[in-house]
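K.L.:
A single structure is presented below for examination.
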Amino acid sequence: MEAESNHKELIHLYEEGKVPASQVYVKLRELKQDIDKALKMLEDGVMDELVRMNNYEDLVVWVGKEGYKKIVEVSGRTSYDYKQNNMWLDADNERKRIERLIKLATNDGVHVIDQETGEVVEPVNKKVGKSYLKLEKYK
């Protein structure tokens, strides 16, 4: 397919030193965005195909040299809206209060006394997440 050959060609040009990594990165991000939009648009159609098949047979698609791929529907994840429960809200507010004390102790490098409980709050180690690239429109 064209998208596949397009991204492979871009990578090939980069590997040969003909195009800088930044240009290929931007092009691939644009391509990924277009592909994500197209996939989102097609999902409803695929779901319709699965409904029409009504679990009588698998939805199997030939994808060329890779052989066959089977498409299955996976049920959505169950989650709970804890914010509707006052007990949870109270506990969450207490957690946030404690986190603020820990951040204060850590950022100042000192032990802090919790005014509500009298407990000593000690500094903790900080963890830094992995850096990532952000693509912005240039003005």
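Convention: chains lettered A, B, ... in structure tokens order; per-chain residue numbering from 1; ligands numbered from 1 as shown.
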From the DSSP assignment of the backbone, select every residue of region 1-98 of chain A that is alpha helix (DSSP H), and format the answer as JSON, numbers by chain.
P.N.:
{"A": [2, 3, 4, 5, 6, 7, 8, 9, 10, 11, 12, 13, 14, 15, 21, 22, 23, 24, 25, 26, 27, 28, 29, 30, 31, 32, 33, 34, 35, 36, 37, 38, 39, 40, 41, 42, 43, 44, 45, 46, 47, 48, 49, 50, 51, 52, 53, 86, 87, 88, 89, 90, 91, 92, 93, 94, 95, 96, 97, 98]}
K.L.:
Would you give me, as number ranges by chain, the residues in chain A that DSSP reads as strand (DSSP E or B)?
P.N.:
A: 59-62, 68-71, 112-113, 120-121
K.L.:
Keeping only C-alpha atoms, take the residues you just selected and write them out as a compact mmCIF listing (two decimals), in the first residue's frame.
P.N.:
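Wrote result-v5.txt, looks like this:
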```
# COMPACT_ATOMS: atom_id res chain seq x y z
CA LEU A 59 -13.97 -11.64 10.21
CA VAL A 60 -10.79 -12.68 8.43
CA VAL A 61 -8.96 -10.39 6.01
CA TRP A 62 -6.20 -11.26 3.53
CA TYR A 68 -4.58 -13.52 7.04
CA LYS A 69 -5.55 -11.30 9.96
CA LYS A 70 -8.62 -11.86 12.12
CA ILE A 71 -10.53 -8.85 13.44
CA VAL A 112 7.54 19.27 57.76
CA ILE A 113 5.10 18.89 60.64
CA VAL A 120 6.56 14.46 60.70
CA VAL A 121 6.50 14.45 56.90
```
K.L.:
Out of A:Leu135, A:Ala91, A:Gly67, A:Thr117, which residue has the shortest atom-to-atom distance to Gln33 (chain A) when counting only C-alpha atoms?
P.N.:
A:Leu135
K.L.:
Just give me the gap between CA of Ile102 (chain A) and CA of Asn125 (chain A) in Å, one decimal is fine.
P.N.:
10.2 Å
K.L.:
Mind pulling up the distance from CA of Met87 (chain A) to CA of His111 (chain A)?
P.N.:
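Separating CA of His111 (chain A) from CA of Met87 (chain A) is a distance of 29.4 Å.
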K.L.:
Identify, on the basis of only C-alpha atoms, every residue whose closest approach to His7 (chain A) does not exceed 9 Å; exclude the query and any residue fewer than 6 positions from it along the same chain; express the result as a list in words.
P.N.:
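So, after excluding close chain neighbours, the residues are Val24, Lys27, Leu28 and Leu31 of chain A.
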K.L.:
Filtering to all heavy atoms, could you give me those residues as a PDB file, in the first residue's frame?
P.N.:
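Final output, saved to out-v7.pdb:
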```
ATOM      1  N   VAL A  24      12.127  13.791   8.471  1.00  0.00           N
ATOM      2  CA  VAL A  24      11.447  12.498   8.398  1.00  0.00           C
ATOM      3  C   VAL A  24      10.495  12.355   9.573  1.00  0.00           C
ATOM      4  O   VAL A  24       9.365  11.887   9.425  1.00  0.00           O
ATOM      5  CB  VAL A  24      12.464  11.339   8.352  1.00  0.00           C
ATOM      6  CG1 VAL A  24      11.768   9.993   8.414  1.00  0.00           C
ATOM      7  CG2 VAL A  24      13.329  11.448   7.099  1.00  0.00           C
ATOM      8  N   LYS A  27       7.341  14.400   8.903  1.00  0.00           N
ATOM      9  CA  LYS A  27       6.528  13.752   7.861  1.00  0.00           C
ATOM     10  C   LYS A  27       5.827  12.506   8.398  1.00  0.00           C
ATOM     11  O   LYS A  27       4.647  12.272   8.125  1.00  0.00           O
ATOM     12  CB  LYS A  27       7.394  13.385   6.644  1.00  0.00           C
ATOM     13  CG  LYS A  27       7.848  14.557   5.850  1.00  0.00           C
ATOM     14  CD  LYS A  27       6.686  15.136   5.074  1.00  0.00           C
ATOM     15  CE  LYS A  27       7.167  16.219   4.146  1.00  0.00           C
ATOM     16  NZ  LYS A  27       6.070  16.966   3.560  1.00  0.00           N
ATOM     17  N   LEU A  28       6.562  11.688   9.171  1.00  0.00           N
ATOM     18  CA  LEU A  28       5.954  10.471   9.719  1.00  0.00           C
ATOM     19  C   LEU A  28       4.873  10.795  10.731  1.00  0.00           C
ATOM     20  O   LEU A  28       3.854  10.095  10.805  1.00  0.00           O
ATOM     21  CB  LEU A  28       7.026   9.570  10.334  1.00  0.00           C
ATOM     22  CG  LEU A  28       7.966   8.890   9.336  1.00  0.00           C
ATOM     23  CD1 LEU A  28       9.043   8.105  10.063  1.00  0.00           C
ATOM     24  CD2 LEU A  28       7.198   7.991   8.382  1.00  0.00           C
ATOM     25  N   LEU A  31       1.875  11.672   8.727  1.00  0.00           N
ATOM     26  CA  LEU A  31       1.331  10.435   8.159  1.00  0.00           C
ATOM     27  C   LEU A  31       0.583   9.641   9.216  1.00  0.00           C
ATOM     28  O   LEU A  31      -0.521   9.140   8.972  1.00  0.00           O
ATOM     29  CB  LEU A  31       2.473   9.605   7.563  1.00  0.00           C
ATOM     30  CG  LEU A  31       2.111   8.365   6.775  1.00  0.00           C
ATOM     31  CD1 LEU A  31       1.227   8.713   5.591  1.00  0.00           C
ATOM     32  CD2 LEU A  31       3.384   7.673   6.291  1.00  0.00           C
TER      33      LEU A  31
END
```
K.L.:
Could you please determine the separation between CA of Ser131 (chain A) and CA of Lys103 (chain A) in Å, to one decimal place?
P.N.:
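Between CA of Ser131 (chain A) and CA of Lys103 (chain A) the gap works out to 21.5 Å.
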K.L.:
Of the residues A:Ser79, A:Gln23, A:Val72, A:Lys96, which is the one nearest to Glu57 (chain A), using only C-alpha atoms?
P.N.:
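Among the listed residues, the smallest separation from Glu57 (chain A) belongs to A:Val72.
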